[in-house]
Amino acid sequence: MVTETIRRTRHACLSSVILAICACAHAPAERPVARTVEQPVVLPERPSSADPQTPTPPSAQPPLAVEPSPPAEPTQVAGLTPAQYADLFDRMRTGFKLEDHPDQRSIDEQLNWFASNPDYLERAFGRAELYLYHIVTQLEARGMPLEIALLPVVESAFEPYAYSRARASGLWQFIPGTGSRFGLKQDWWYDGRRDIVESTRAAFDYLQALHDEFNGDWLLAIAAYNCGELAVEHAVAVNRAAGKPIDFWSLKLPAETRAYVPKLLAMKRLMSDPETYGLSISHIPNQPYFTRVDTRGQINLKLAAEIAGITPEELYELNPAFHRWATDPEGPPYLLLPVDGAQVFKENIAQLSEEQRMGLTHYTVHKGDSVVSVAHHFDTSVNVIRDLNGLPAGRLTVGTDLRVPSSVQLPAKVMLAAARVDGKVRENRRERRVRIQVVRAGESLWTIARRHGINVNTLASMNGLHPGDTLRAGQRIRLSSSHTPSHASSRRRVVYVVRAGDTLRQIAKLFQVTVSQILAWNGMSSETAILKGQKLTIRVASRGG
């Protein structure tokens with residue numbers, strides 16, 4: 001599925017590479033001209049999970065080693081340890097642990113769709129070949145169910161550049177807030193939600209925390225990964241108060257979540273015995289595809305690909321977190337490279353000067369140039385131009401020689417990822433007025449939050465509601481609040497009505513405040529019990545979603 005060109009011999013003559021780099025670094029640049037930009041591809045959006053025939057994607061800690069330690073108790077089948085399997089899928093099957101539900105029609109519906117669309121699976125697992133070994137070994141090291149390795153089929157079809165309308169990104173579809181919560185850095189250079197190693201670590205940290213919160217119930221943990229823990233907590237509390245079962249199949253959850261868990265269980269059934277469903281899944285070798293290599297600081301990514309003996313497109317597929325022409329100057333200081341290209345990369349990079357590593361060229365300032373116009377022409381930022389040249393604030397002087405990044409044509413998916421970052425900055429600068437939506441029949445806080453890319457808990461607290469509250473047609477829901485830097489931290493008063501099963505800790509978590517603050521605002525002591533129907537005053541920060 002992955003072309004053999006990726007595994008070709010990479011030991012090219014080092015001297016020719018260095019000579020070419022040096023020649024480019026010292027050649028004067030012509031005045032920039034407009035570049036032909038490849039038409040950006042349309043990335044897969046998250047389709048509606050209400051349609052059972054659409055498999056949908058959902059939504060500073062030290063980095064993990066790419067080669068993890070083996071699990072404490074390796075699963076053995078017919079005398080084989082995990083490392084002894086030839087096919088990675090055979091290894092995965094020995095670690096399937098999730099409880100199936102043979103009478104659930106929802107699983108059968110999803111399974112029928114997958115079995116009827118083998119092309120979808122072939123594309124997804126074609127991309128998975130690069131990443132799946134790392135995911136499986138990390139799950140084994142944590143003792144987690146190996147079905148979770150199939151979750152990116154549901155989330156993103158193993159497309160690391162997948163991006164949803166809710167602003168979820170990467171294999172594991174983290175929204176910005178949840179990504180930050182689990183230590184995924186996001187800035188102009190880099191988005192950790194697309195970092196293969198770091199996003200996998202964060203996803204497993206999140207799922208393990210959810211598993212612990214829901215008393216070891218993996219199906220509830222997976223449901224909460226999709227719709228948020230507060231939505232599942234509320235559904236559990238409602239059923240418990242009514243004396244009903246609190247397993248996943250008995251809860252009233254959003255439509256997407258009710259389809260989300262069956263999709264994963266359907267994938268488990270299919271991968272357990274694909275021949276039963278008339279499918280033949282291509283094998284994936286049970287060996288690491290990539291390894292992590294220290295870059296010794298910032299490096300031009302086109303150059304990195306050249307000295308590793310791979311194409312820029314191949315490099316970005318392994319390192320999708322970097323969406324500019326170079327790695328982030330603030331780190332992480334490593335790249336993922338194919339195993340058979342790592343050694344030649346190490347040998348080559350050790351012989352490059354700092355300027356050669358950055359792939360810099362020179363540009364002479366012309367009349368009418370500004371730092372902004374030069375940055376635009378070279379597809380970089382004003383700060384990069386100023387930092388490279390030690391420029392103070394102010395105008396450029398005609399005739400000045402500037403160090404600038406070599407003009408690089410980024411792959412279309414990378415350009416689109418960068419454009420989203422740039423567009424969000426401009427949007428944030430424009431956003432000053434309150435946005436209101438009038439509720440339509442059948443809408444819920446959860447569906448409105450997903451459509452607008454807002455955390456459902458933030459949306460609920462902004463409107464003095466609980467995430468599970470029923471909305472009425474015609475009701476006005478605030479999507480953002482008027483804010484400026486001068487009063488971004490101001491608070492407004494909302495009244496919350498206590499529901500059955502609520503605790504002060506849950507309410508504090510919902511509104512992103514502390515229990516002590518709630519007690520103070522309502523003249524209560526730590527011994528005071530809260531009762532169903534009681535009204536609590538909460539002061540929430542006035543901020544947008």
# chains A, B, ... in the order shown; residues from 1 in each chain; ligands from 1
$ residues_around --residues "A:Thr380" --least-positions-apart "3" --cutoff "9 Å" --atoms "only C-alpha atoms" --output "list in words"
Arg324, Trp325, Val374, Ala375, His376, His377, Asn383, Val384, Ile385, Val404 and Pro405 of chain A
$ write_last_selection --atoms "C-alpha atoms" --output "PDB file, in the first residue's frame"
ATOM      1  CA  ARG A 324       5.839  25.841   7.686  1.00  0.00           C
ATOM      2  CA  TRP A 325       9.053  25.624   5.683  1.00  0.00           C
ATOM      3  CA  VAL A 374       9.141  40.537   2.075  1.00  0.00           C
ATOM      4  CA  ALA A 375       7.666  38.061   4.581  1.00  0.00           C
ATOM      5  CA  HIS A 376       4.667  37.560   2.321  1.00  0.00           C
ATOM      6  CA  HIS A 377       6.818  36.890  -0.757  1.00  0.00           C
ATOM      7  CA  ASN A 383       8.983  37.921  13.194  1.00  0.00           C
ATOM      8  CA  VAL A 384      11.061  35.397  11.235  1.00  0.00           C
ATOM      9  CA  ILE A 385      12.476  38.128   8.968  1.00  0.00           C
ATOM     10  CA  VAL A 404      15.453  35.094   4.098  1.00  0.00           C
ATOM     11  CA  PRO A 405      14.136  31.524   3.853  1.00  0.00           C
TER      12      PRO A 405
END
$ closest_residue --among "A:Phe174, A:Met271, A:Phe345, A:Val339" --to "A:Ala304" --atoms "only C-alpha atoms"
A:Phe345
$ atom_distance --atom1 "atom CA of A:Pro411" --atom2 "atom CA of A:Leu150"
27.0 Å
$ closest_residue --among "A:Asn226, A:Ser106, A:Ser156, A:Thr458" --to "A:Phe125" --atoms "only C-alpha atoms"
A:Ser156
$ closest_atom_pairs --of "stretch 145-194 of chain A" --to "stretch 108-119 of chain A" --cutoff "12 Å" --atoms "only C-alpha atoms" --output "JSON lines"
{"residue": "A:Val153", "atom": "CA", "partner": "A:Phe114", "partner_atom": "CA", "distance": 10.5}
{"residue": "A:Val154", "atom": "CA", "partner": "A:Phe114", "partner_atom": "CA", "distance": 10.5}
{"residue": "A:Ala157", "atom": "CA", "partner": "A:Asp119", "partner_atom": "CA", "distance": 11.6}
$ write_last_selection --atoms "N, CA, C and O atoms" --output "CSV table (one decimal), in the first residue's frame"
chain,number,residue,atom,x,y,z
A,153,VAL,N,-9.5,5.1,12.5
A,153,VAL,CA,-10.3,4.8,11.3
A,153,VAL,C,-11.6,5.5,11.4
A,153,VAL,O,-12.1,6.1,10.4
A,154,VAL,N,-12.2,5.6,12.6
A,154,VAL,CA,-13.5,6.3,12.9
A,154,VAL,C,-13.2,7.8,12.9
A,154,VAL,O,-14.0,8.6,12.4
A,157,ALA,N,-9.9,8.5,9.5
A,157,ALA,CA,-9.4,7.6,8.4
A,157,ALA,C,-7.9,7.6,8.3
A,157,ALA,O,-7.3,7.4,7.2
$ closest_residue --among "A:Val382, A:Gly192, A:Gly501, A:Gln437" --to "A:Ala242" --atoms "only C-alpha atoms"
A:Gly501
$ residues_around --residues "A:Pro145" --least-positions-apart "5" --cutoff "10 Å" --atoms "only C-alpha atoms" --output "number ranges by chain"
A: 92-98, 136, 139-140, 218
$ closest_residue --among "A:Thr81, A:Thr537, A:Thr514, A:Ser282" --to "A:Val494" --atoms "only C-alpha atoms"
A:Thr537
$ select_by_dssp --residues "stretch 355-401 of chain A" --states "strand (DSSP E or B)" --output "PyMOL selection string"
chain A and resi 360-364+401
$ write_last_selection --atoms "N, CA, C and O atoms" --output "PDB file, in the first residue's frame"
ATOM      1  N   LEU A 360      18.945  29.120   4.017  1.00  0.00           N
ATOM      2  CA  LEU A 360      18.706  30.552   3.827  1.00  0.00           C
ATOM      3  C   LEU A 360      19.295  31.046   2.509  1.00  0.00           C
ATOM      4  O   LEU A 360      20.265  30.498   1.996  1.00  0.00           O
ATOM      5  N   THR A 361      18.693  32.076   1.979  1.00  0.00           N
ATOM      6  CA  THR A 361      19.222  32.775   0.820  1.00  0.00           C
ATOM      7  C   THR A 361      19.259  34.263   1.174  1.00  0.00           C
ATOM      8  O   THR A 361      18.989  34.631   2.319  1.00  0.00           O
ATOM      9  N   HIS A 362      19.626  35.099   0.198  1.00  0.00           N
ATOM     10  CA  HIS A 362      19.748  36.538   0.473  1.00  0.00           C
ATOM     11  C   HIS A 362      18.849  37.332  -0.475  1.00  0.00           C
ATOM     12  O   HIS A 362      18.635  36.949  -1.627  1.00  0.00           O
ATOM     13  N   TYR A 363      18.335  38.429   0.027  1.00  0.00           N
ATOM     14  CA  TYR A 363      17.461  39.289  -0.758  1.00  0.00           C
ATOM     15  C   TYR A 363      17.847  40.749  -0.515  1.00  0.00           C
ATOM     16  O   TYR A 363      18.039  41.183   0.628  1.00  0.00           O
ATOM     17  N   THR A 364      17.971  41.511  -1.611  1.00  0.00           N
ATOM     18  CA  THR A 364      18.311  42.931  -1.526  1.00  0.00           C
ATOM     19  C   THR A 364      17.040  43.768  -1.503  1.00  0.00           C
ATOM     20  O   THR A 364      16.182  43.625  -2.382  1.00  0.00           O
ATOM     21  N   ASP A 401      20.905  44.043   2.626  1.00  0.00           N
ATOM     22  CA  ASP A 401      20.942  42.613   2.310  1.00  0.00           C
ATOM     23  C   ASP A 401      20.266  41.846   3.444  1.00  0.00           C
ATOM     24  O   ASP A 401      20.711  41.895   4.594  1.00  0.00           O
TER      25      ASP A 401
END
